[in-house]
>>> print(open('model28.cif').read())   # mmCIF, C-alpha atoms
data_run
loop_
_atom_site.label_atom_id
_atom_site.label_comp_id
_atom_site.auth_asym_id
_atom_site.auth_seq_id
_atom_site.Cartn_x
_atom_site.Cartn_y
_atom_site.Cartn_z
CA MET A 1 0.00 0.00 0.00
CA ARG A 2 2.85 2.40 0.80
CA ASP A 3 4.24 2.00 -2.73
CA VAL A 4 0.87 2.88 -4.25
CA LEU A 5 0.54 5.95 -2.02
CA ASP A 6 4.02 7.08 -3.02
CA GLY A 7 3.08 6.56 -6.66
CA LEU A 8 -0.09 8.62 -6.24
CA ALA A 9 2.01 11.44 -4.79
CA ARG A 10 4.28 11.30 -7.85
CA VAL A 11 1.31 11.48 -10.22
CA LEU A 12 -0.15 14.48 -8.41
CA ALA A 13 3.21 16.25 -8.37
CA SER A 14 3.79 15.62 -12.09
CA GLY A 15 0.85 17.68 -13.32
CA GLY A 16 -0.08 14.81 -15.64
CA ARG A 17 -2.66 12.03 -15.55
CA GLY A 18 -2.36 8.50 -14.22
CA ALA A 19 -5.01 5.90 -13.41
CA LEU A 20 -5.79 3.75 -10.40
CA ALA A 21 -7.53 0.36 -10.39
CA THR A 22 -9.10 -0.93 -7.17
CA VAL A 23 -10.63 -4.35 -6.61
CA THR A 24 -14.06 -3.50 -5.19
CA ARG A 25 -15.79 -6.88 -5.01
CA THR A 26 -14.90 -10.55 -5.42
CA GLY A 27 -16.68 -13.88 -5.41
CA GLY A 28 -15.32 -17.38 -5.33
CA SER A 29 -11.63 -18.06 -5.90
CA THR A 30 -9.74 -14.91 -6.97
CA PRO A 31 -6.05 -13.91 -6.89
CA GLN A 32 -6.72 -10.80 -4.79
CA SER A 33 -9.30 -9.54 -2.30
CA PRO A 34 -11.20 -6.24 -2.27
CA GLY A 35 -8.91 -3.26 -1.67
CA ALA A 36 -6.05 -4.49 -3.87
CA ARG A 37 -4.78 -1.69 -6.10
CA LEU A 38 -2.76 -1.19 -9.26
CA LEU A 39 -1.56 2.28 -10.26
CA LEU A 40 -0.42 3.39 -13.72
CA GLU A 41 1.83 6.43 -13.30
CA THR A 42 2.29 9.20 -15.85
CA THR A 43 5.65 7.70 -16.78
CA GLY A 44 4.00 4.37 -17.66
CA ALA A 45 5.35 2.68 -14.54
CA LEU A 46 3.04 0.26 -12.70
CA VAL A 47 2.81 0.09 -8.91
CA GLY A 48 0.88 -2.48 -6.90
CA THR A 49 -1.02 -5.52 -8.16
CA VAL A 50 -4.52 -6.85 -8.65
CA GLY A 51 -3.41 -10.44 -8.97
CA GLY A 52 -1.10 -10.85 -11.92
CA GLY A 53 -1.66 -12.98 -15.00
CA ALA A 54 -4.56 -12.48 -17.38
CA VAL A 55 -6.65 -10.36 -15.03
CA GLU A 56 -3.81 -7.94 -14.47
CA ARG A 57 -3.22 -7.65 -18.22
CA ALA A 58 -6.91 -6.85 -18.68
CA VAL A 59 -6.80 -4.24 -15.92
CA ILE A 60 -3.69 -2.62 -17.43
CA GLU A 61 -5.58 -2.20 -20.71
CA GLU A 62 -8.36 -0.45 -18.82
CA LEU A 63 -5.85 1.76 -16.99
CA ARG A 64 -4.32 2.87 -20.28
CA ALA A 65 -7.74 3.61 -21.75
CA CYS A 66 -8.62 5.61 -18.65
CA VAL A 67 -5.47 7.72 -18.98
CA THR A 68 -6.42 8.45 -22.58
CA ASP A 69 -10.06 9.42 -22.10
CA GLY A 70 -10.07 10.50 -18.44
CA LYS A 71 -13.27 8.56 -17.72
CA PRO A 72 -13.78 6.26 -14.72
CA ARG A 73 -15.22 2.80 -15.32
CA THR A 74 -16.17 -0.40 -13.51
CA ARG A 75 -15.28 -3.73 -15.09
CA VAL A 76 -16.39 -7.21 -14.02
CA TRP A 77 -14.69 -10.43 -15.10
CA GLU A 78 -15.69 -14.06 -14.66
CA LEU A 79 -12.08 -15.20 -14.46
CA ALA A 80 -12.45 -18.67 -15.97
CA ARG A 81 -14.97 -17.77 -18.66
CA ASP A 82 -13.66 -14.31 -19.69
CA LEU A 83 -9.94 -14.65 -19.13
CA GLY A 84 -9.25 -18.38 -19.15
CA MET A 85 -7.84 -18.37 -15.63
CA CYS A 86 -7.86 -21.56 -13.56
CA CYS A 87 -9.42 -19.83 -10.56
CA GLY A 88 -13.13 -19.70 -11.22
CA GLY A 89 -14.10 -16.64 -9.25
CA ARG A 90 -15.55 -13.29 -10.15
CA MET A 91 -13.73 -9.95 -9.78
CA GLU A 92 -15.07 -6.40 -9.97
CA VAL A 93 -12.54 -3.57 -10.50
CA PHE A 94 -13.08 0.19 -10.41
CA VAL A 95 -10.70 2.21 -12.59
CA GLU A 96 -10.41 5.98 -12.12
CA PRO A 97 -8.23 8.76 -13.51
CA ILE A 98 -5.77 10.39 -11.12
CA GLU A 99 -4.60 13.89 -11.92
CA SER A 100 -3.66 17.04 -10.10
CA ASN A 101 -5.34 20.36 -10.64
CA PRO A 102 -3.95 22.02 -13.76
CA ARG A 103 -1.38 24.73 -13.06
CA LEU A 104 -2.02 28.24 -14.32
CA VAL A 105 1.05 30.47 -14.27
CA ILE A 106 0.18 34.16 -14.49
CA PHE A 107 2.90 36.60 -15.52
CA GLY A 108 1.91 39.92 -13.99
CA ALA A 109 0.26 40.91 -10.72
CA GLY A 110 -1.80 43.88 -11.87
CA HIS A 111 -5.50 44.73 -11.96
CA VAL A 112 -6.44 41.98 -14.43
CA ALA A 113 -4.29 39.30 -12.82
CA GLN A 114 -5.92 39.62 -9.40
CA PRO A 115 -9.55 38.75 -10.29
CA THR A 116 -8.35 36.24 -12.88
CA ALA A 117 -6.30 34.38 -10.25
CA GLN A 118 -9.22 34.33 -7.82
CA MET A 119 -11.67 32.96 -10.37
CA ALA A 120 -9.18 30.46 -11.79
CA ARG A 121 -8.70 28.97 -8.31
CA LEU A 122 -12.48 28.67 -7.90
CA VAL A 123 -12.73 26.57 -11.08
CA GLY A 124 -9.92 24.24 -10.07
CA PHE A 125 -6.59 25.68 -11.19
CA ASP A 126 -3.51 25.82 -9.00
CA VAL A 127 -2.32 29.37 -9.61
CA THR A 128 1.23 30.74 -9.60
CA VAL A 129 1.73 34.50 -9.95
CA ILE A 130 5.04 35.88 -11.21
CA ASP A 131 5.89 39.56 -10.77
CA ALA A 132 8.94 41.29 -9.33
CA ARG A 133 6.87 44.11 -7.79
CA ASP A 134 6.57 43.14 -4.14
CA GLU A 135 3.98 45.84 -3.45
CA LEU A 136 1.56 44.07 -5.84
CA ASN A 137 2.55 40.41 -5.69
CA THR A 138 1.36 39.94 -2.12
CA GLU A 139 -0.42 37.24 -0.15
CA GLU A 140 -3.27 39.67 0.52
CA ARG A 141 -3.95 40.22 -3.19
CA PHE A 142 -3.28 36.63 -4.26
CA ALA A 143 -4.44 34.52 -1.35
CA GLY A 144 -3.93 30.80 -1.90
CA CYS A 145 -1.62 31.31 -4.88
CA THR A 146 2.04 30.48 -5.21
CA ARG A 147 3.90 33.78 -5.62
CA ILE A 148 7.27 34.26 -7.28
CA LEU A 149 8.99 37.65 -6.99
CA ALA A 150 10.97 37.70 -10.22
CA GLU A 151 11.06 39.09 -13.73
CA PRO A 152 9.34 36.90 -16.36
CA ARG A 153 12.49 35.79 -18.16
CA GLU A 154 14.19 34.78 -14.92
CA ALA A 155 11.16 32.91 -13.65
CA VAL A 156 10.57 30.92 -16.83
CA ALA A 157 14.07 29.49 -16.67
CA ASP A 158 13.42 28.17 -13.15
CA LEU A 159 9.95 26.68 -13.76
CA PRO A 160 9.88 22.88 -14.15
CA ALA A 161 8.74 22.03 -17.68
CA ARG A 162 5.26 20.50 -17.88
CA GLU A 163 3.24 19.81 -21.00
CA THR A 164 0.11 20.36 -18.92
CA ASP A 165 0.91 23.95 -17.85
CA TRP A 166 -1.35 26.86 -18.73
CA PHE A 167 0.36 30.25 -19.07
CA LEU A 168 -1.19 33.71 -19.00
CA VAL A 169 0.82 36.81 -19.94
CA VAL A 170 -0.70 39.99 -18.48
CA THR A 171 2.27 42.08 -17.35
CA HIS A 172 2.34 45.86 -17.03
CA ASP A 173 4.85 46.30 -19.86
CA HIS A 174 4.81 45.35 -23.56
CA ARG A 175 8.49 44.43 -23.44
CA ALA A 176 7.91 42.13 -20.48
CA ASP A 177 4.98 40.54 -22.33
CA GLU A 178 7.25 39.93 -25.30
CA GLU A 179 10.04 38.43 -23.19
CA ALA A 180 7.61 36.12 -21.42
CA LEU A 181 5.93 34.97 -24.65
CA ASP A 182 9.27 34.43 -26.39
CA ALA A 183 10.49 32.22 -23.54
CA LEU A 184 7.23 30.32 -23.14
CA LEU A 185 6.87 29.52 -26.83
CA ARG A 186 10.08 27.50 -26.61
CA ARG A 187 8.96 25.18 -23.83
CA SER A 188 6.18 22.64 -23.37
CA HIS A 189 2.75 24.06 -22.63
CA ARG A 190 -0.98 23.36 -22.84
CA TYR A 191 -1.98 26.98 -23.41
CA ILE A 192 -0.52 30.47 -23.64
CA GLY A 193 -2.84 33.47 -23.36
CA VAL A 194 -1.57 36.97 -24.09
CA ILE A 195 -3.51 40.12 -23.30
CA GLY A 196 -3.56 43.07 -25.70
CA SER A 197 -4.88 44.34 -28.99
CA LYS A 198 -4.48 42.53 -32.30
CA ARG A 199 -1.82 45.01 -33.40
CA LYS A 200 0.14 44.55 -30.20
CA VAL A 201 0.09 40.78 -30.61
CA VAL A 202 1.30 40.97 -34.21
CA ARG A 203 4.07 43.43 -33.31
CA ILE A 204 5.30 41.13 -30.54
CA LEU A 205 5.27 38.12 -32.86
CA ALA A 206 7.11 40.08 -35.54
CA ARG A 207 9.88 41.07 -33.13
CA ILE A 208 10.21 37.49 -31.90
CA GLN A 209 10.41 36.31 -35.51
CA GLN A 210 13.17 38.80 -36.27
CA ARG A 211 15.35 37.05 -33.69
CA GLY A 212 14.91 33.60 -35.26
CA THR A 213 12.34 30.99 -36.22
CA LEU A 214 8.91 31.64 -34.76
CA PRO A 215 7.72 28.53 -32.86
CA ALA A 216 4.30 27.01 -33.50
CA LEU A 217 1.35 29.12 -32.37
CA ASP A 218 -1.32 26.43 -32.29
CA ARG A 219 -1.75 26.71 -28.52
CA VAL A 220 -1.37 30.48 -28.29
CA TYR A 221 -4.54 32.44 -27.58
CA ALA A 222 -3.91 36.07 -28.34
CA PRO A 223 -5.71 38.28 -27.75
CA VAL A 224 -6.75 36.25 -24.74
CA GLY A 225 -10.30 35.56 -23.60
CA LEU A 226 -13.79 35.12 -24.99
CA ALA A 227 -15.77 37.78 -26.84
CA VAL A 228 -18.17 38.74 -24.04
CA GLY A 229 -17.76 42.52 -24.26
CA ALA A 230 -15.50 42.66 -21.20
CA VAL A 231 -14.28 46.13 -20.16
CA SER A 232 -13.39 46.24 -16.45
CA PRO A 233 -10.54 44.17 -14.95
CA ALA A 234 -13.03 41.82 -13.30
CA GLU A 235 -14.96 41.38 -16.55
CA ILE A 236 -11.73 40.67 -18.41
CA GLY A 237 -10.95 38.10 -15.74
CA VAL A 238 -14.32 36.45 -16.42
CA SER A 239 -13.53 36.42 -20.14
CA ILE A 240 -10.13 34.80 -19.57
CA VAL A 241 -11.28 32.16 -17.09
CA SER A 242 -14.26 31.34 -19.32
CA GLU A 243 -11.77 30.61 -22.10
CA LEU A 244 -9.76 28.32 -19.80
CA VAL A 245 -12.91 26.40 -18.85
CA ALA A 246 -14.05 26.09 -22.47
CA LEU A 247 -10.68 24.76 -23.59
CA ARG A 248 -10.37 22.38 -20.65
CA HIS A 249 -13.69 20.77 -21.57
CA GLY A 250 -13.31 21.04 -25.35
CA ALA A 251 -16.41 23.20 -25.66
CA PRO A 252 -16.99 25.58 -28.60
CA ALA A 253 -16.72 29.24 -27.59
CA PRO A 254 -16.28 32.70 -29.20
CA HIS A 255 -12.52 33.13 -28.70
CA LEU A 256 -10.90 36.50 -29.31
CA ARG A 257 -7.88 34.58 -30.61
CA PHE A 258 -6.38 36.20 -33.70
CA VAL A 259 -3.00 34.53 -34.22
CA ASP A 260 -4.44 32.05 -36.73
CA ASP A 261 -6.00 34.82 -38.86
CA PRO A 262 -4.59 35.02 -42.44
CA ARG A 263 -3.76 38.68 -41.84
CA VAL A 264 -1.28 37.68 -39.15
CA ARG A 265 0.58 35.40 -41.55
CA LYS A 266 0.62 38.13 -44.19
CA ALA A 267 1.88 40.74 -41.72
CA LEU A 268 4.64 38.43 -40.46
CA ALA A 269 5.63 37.68 -44.07
CA GLY A 270 5.80 41.42 -44.86
CA GLU A 271 2.96 41.18 -47.37
CA ILE A 272 0.85 43.74 -45.52
CA ALA A 273 1.69 46.43 -42.99
CA ILE A 274 1.21 45.59 -39.34
CA GLU A 275 -0.64 48.89 -39.00
CA SER A 276 -3.32 47.54 -41.32
CA VAL A 277 -4.28 44.90 -38.79
CA ASP A 278 -7.44 45.98 -37.02
CA ASP A 279 -7.39 46.74 -33.31
#
>>> encode(input="model28.cif", output="structure tokens")
Amino acid sequence: MRDVLDGLARVLASGGRGALATVTRTGGSTPQSPGARLLLETTGALVGTVGGGAVERAVIEELRACVTDGKPRTRVWELARDLGMCCGGRMEVFVEPIESNPRLVIFGAGHVAQPTAQMARLVGFDVTVIDARDELNTEERFAGCTRILAEPREAVADLPARETDWFLVVTHDHRADEEALDALLRRSHRYIGVIGSKRKVVRILARIQQRGTLPALDRVYAPVGLAVGAVSPAEIGVSIVSELVALRHGAPAPHLRFVDDPRVRKALAGEIAIESVDD
């Protein structure tokens, strides 16, 4: 049991998804009793056992499917009939996904970041706020969040790389936004949201491109948020967190995202002037 608990801790710390199988009911002769567990970690490692042999192979298939689709399931096997095992009992196994809350890293501790962080925590994100301004990046303003007092470029270098991370760039300075986006584009991520007008976004991308190859933008949402007519910092926070929720659940939504617009490609290729891009 200790090994399984240690494995669960590793899954939760990884930011990824694993799956846990638990024997919930048995009848007749079975290789394990209720309470036996088998954990599939994010690395693919297996910890624990539900009995070995054919039943364990069947459970491992269910664990892998659970990691893929994130859906819990209960499976029942008549061991002799279904799996050809010599013990003739019946085993019921519950398989469930195991994953930590997704991490949202917010670059900037200003007026938009504060309500966004609060709402993101309410919908299940673990929030980290990065800003070197100690008068703004405080426990009072960002209760329950991890706070890092550092400039964006410095902080990115120290963050452990996770493919499951969500990043939001809402600093007080266009140059800081650019530095953060440039660094984040070159590491694993689930999502990058960047606040600002369409022109600002294109200008930032153009300057990044001038320094070398522009990384893929398929997971970049800029301008950030959903088109809900948001004006105040709190409303903008609602727009941003609504986008996070929609993407997390794969739901269609009216994204403000502009980076995949043909005009962006033309502006970056020098075929049209950046100034012609609408605000």
>>> residues_around(input="model28.cif", residues="range 253-263 of chain A", least_positions_apart="6", cutoff="9 Å", atoms="only C-alpha atoms", output="ChimeraX atom specification")
/A:193,198,201-202,217-218,220-228,242-243,246-247,272,274,276-277
>>> resolve_selection(input="model28.cif", expression="the PyMOL selection byres ((chain A and resi 22-25) around 10)", output="ChimeraX atom specification")
/A:20-21,26-27,32-39,49-51,59,74-76,90-96
>>> write_last_selection(input="model28.cif", atoms="C-alpha atoms", output="PDB file, in the frame of the given file")
ATOM      1  CA  LEU A  20      -5.790   3.750 -10.400  1.00  0.00           C
ATOM      2  CA  ALA A  21      -7.530   0.360 -10.390  1.00  0.00           C
ATOM      3  CA  THR A  26     -14.900 -10.550  -5.420  1.00  0.00           C
ATOM      4  CA  GLY A  27     -16.680 -13.880  -5.410  1.00  0.00           C
ATOM      5  CA  GLN A  32      -6.720 -10.800  -4.790  1.00  0.00           C
ATOM      6  CA  SER A  33      -9.300  -9.540  -2.300  1.00  0.00           C
ATOM      7  CA  PRO A  34     -11.200  -6.240  -2.270  1.00  0.00           C
ATOM      8  CA  GLY A  35      -8.910  -3.260  -1.670  1.00  0.00           C
ATOM      9  CA  ALA A  36      -6.050  -4.490  -3.870  1.00  0.00           C
ATOM     10  CA  ARG A  37      -4.780  -1.690  -6.100  1.00  0.00           C
ATOM     11  CA  LEU A  38      -2.760  -1.190  -9.260  1.00  0.00           C
ATOM     12  CA  LEU A  39      -1.560   2.280 -10.260  1.00  0.00           C
ATOM     13  CA  THR A  49      -1.020  -5.520  -8.160  1.00  0.00           C
ATOM     14  CA  VAL A  50      -4.520  -6.850  -8.650  1.00  0.00           C
ATOM     15  CA  GLY A  51      -3.410 -10.440  -8.970  1.00  0.00           C
ATOM     16  CA  VAL A  59      -6.800  -4.240 -15.920  1.00  0.00           C
ATOM     17  CA  THR A  74     -16.170  -0.400 -13.510  1.00  0.00           C
ATOM     18  CA  ARG A  75     -15.280  -3.730 -15.090  1.00  0.00           C
ATOM     19  CA  VAL A  76     -16.390  -7.210 -14.020  1.00  0.00           C
ATOM     20  CA  ARG A  90     -15.550 -13.290 -10.150  1.00  0.00           C
ATOM     21  CA  MET A  91     -13.730  -9.950  -9.780  1.00  0.00           C
ATOM     22  CA  GLU A  92     -15.070  -6.400  -9.970  1.00  0.00           C
ATOM     23  CA  VAL A  93     -12.540  -3.570 -10.500  1.00  0.00           C
ATOM     24  CA  PHE A  94     -13.080   0.190 -10.410  1.00  0.00           C
ATOM     25  CA  VAL A  95     -10.700   2.210 -12.590  1.00  0.00           C
ATOM     26  CA  GLU A  96     -10.410   5.980 -12.120  1.00  0.00           C
TER      27      GLU A  96
END
>>> resolve_selection(input="model28.cif", expression="the PyMOL selection byres ((chain A and resi 236) around 12)", output="PyMOL selection string")
chain A and resi 111-117+119+170+195-196+223-235+237-243+256
>>> atom_distance(input="model28.cif", atom1="CA of Leu214 in chain A", atom2="CA of Leu168 in chain A")
18.8 Å
>>> resolve_selection(input="model28.cif", expression="the PyMOL selection byres ((chain A and resi 88) around 10)", output="list in words")
Gly27, Gly28, Ser29, Thr30, Glu78, Leu79, Ala80, Arg81, Leu83, Gly84, Met85, Cys86, Cys87, Gly89, Arg90 and Met91 of chain A
>>> write_last_selection(input="model28.cif", atoms="C-alpha atoms", output="PDB file, in the coordinates of the input")
ATOM      1  CA  GLY A  27     -16.680 -13.880  -5.410  1.00  0.00           C
ATOM      2  CA  GLY A  28     -15.320 -17.380  -5.330  1.00  0.00           C
ATOM      3  CA  SER A  29     -11.630 -18.060  -5.900  1.00  0.00           C
ATOM      4  CA  THR A  30      -9.740 -14.910  -6.970  1.00  0.00           C
ATOM      5  CA  GLU A  78     -15.690 -14.060 -14.660  1.00  0.00           C
ATOM      6  CA  LEU A  79     -12.080 -15.200 -14.460  1.00  0.00           C
ATOM      7  CA  ALA A  80     -12.450 -18.670 -15.970  1.00  0.00           C
ATOM      8  CA  ARG A  81     -14.970 -17.770 -18.660  1.00  0.00           C
ATOM      9  CA  LEU A  83      -9.940 -14.650 -19.130  1.00  0.00           C
ATOM     10  CA  GLY A  84      -9.250 -18.380 -19.150  1.00  0.00           C
ATOM     11  CA  MET A  85      -7.840 -18.370 -15.630  1.00  0.00           C
ATOM     12  CA  CYS A  86      -7.860 -21.560 -13.560  1.00  0.00           C
ATOM     13  CA  CYS A  87      -9.420 -19.830 -10.560  1.00  0.00           C
ATOM     14  CA  GLY A  89     -14.100 -16.640  -9.250  1.00  0.00           C
ATOM     15  CA  ARG A  90     -15.550 -13.290 -10.150  1.00  0.00           C
ATOM     16  CA  MET A  91     -13.730  -9.950  -9.780  1.00  0.00           C
TER      17      MET A  91
END
>>> residues_around(input="model28.cif", residues="Leu159 in chain A", least_positions_apart="4", cutoff="10 Å", atoms="only C-alpha atoms", output="list in words")
Val105, Glu154 and Ala155 of chain A
>>> atom_distance(input="model28.cif", atom1="CA of Lys71 in chain A", atom2="CA of Cys145 in chain A")
28.6 Å
>>> atom_distance(input="model28.cif", atom1="CA of Leu268 in chain A", atom2="CA of Arg211 in chain A")
12.7 Å
>>> residues_around(input="model28.cif", residues="range 133-144 of chain A", least_positions_apart="3", cutoff="12 Å", atoms="only C-alpha atoms", output="PyMOL selection string")
chain A and resi 106-122+125-130+147-152+171-172
>>> closest_residue(input="model28.cif", among="A:Pro31, A:Gly16, A:Gly250, A:Gly7", to="Ala45 in chain A", atoms="all atoms listed in the file")
A:Gly7
>>> closest_residue(input="model28.cif", among="A:Leu46, A:Ala58, A:Leu12, A:Ala267", to="Pro102 in chain A", atoms="all atoms listed in the file")
A:Leu12
>>> axis_aligned_box(input="model28.cif", around="range 187-203 of chain A", padding_each_side="5 Å", output="lines of an AutoDock Vina configuration file")
center_x = 2.0
center_y = 33.8
center_z = -28.4
size_x = 23.8
size_y = 32.4
size_z = 21.6
>>> closest_residue(input="model28.cif", among="A:Ala54, A:Ala176, A:Leu184, A:Val11", to="Asp131 in chain A", atoms="only C-alpha atoms")
A:Ala176
>>> closest_residue(input="model28.cif", among="A:Ala157, A:Ala269, A:Leu5, A:Ala132", to="Arg186 in chain A", atoms="only C-alpha atoms")
A:Ala157
>>> residues_around(input="model28.cif", residues="Thr164 in chain A", least_positions_apart="4", cutoff="9 Å", atoms="only C-alpha atoms", output="ChimeraX atom specification")
/A:15-16,102-103,188-191
>>> closest_residue(input="model28.cif", among="A:Gly70, A:Gly124, A:Leu40, A:Ala180", to="Glu56 in chain A", atoms="all atoms listed in the file")
A:Leu40
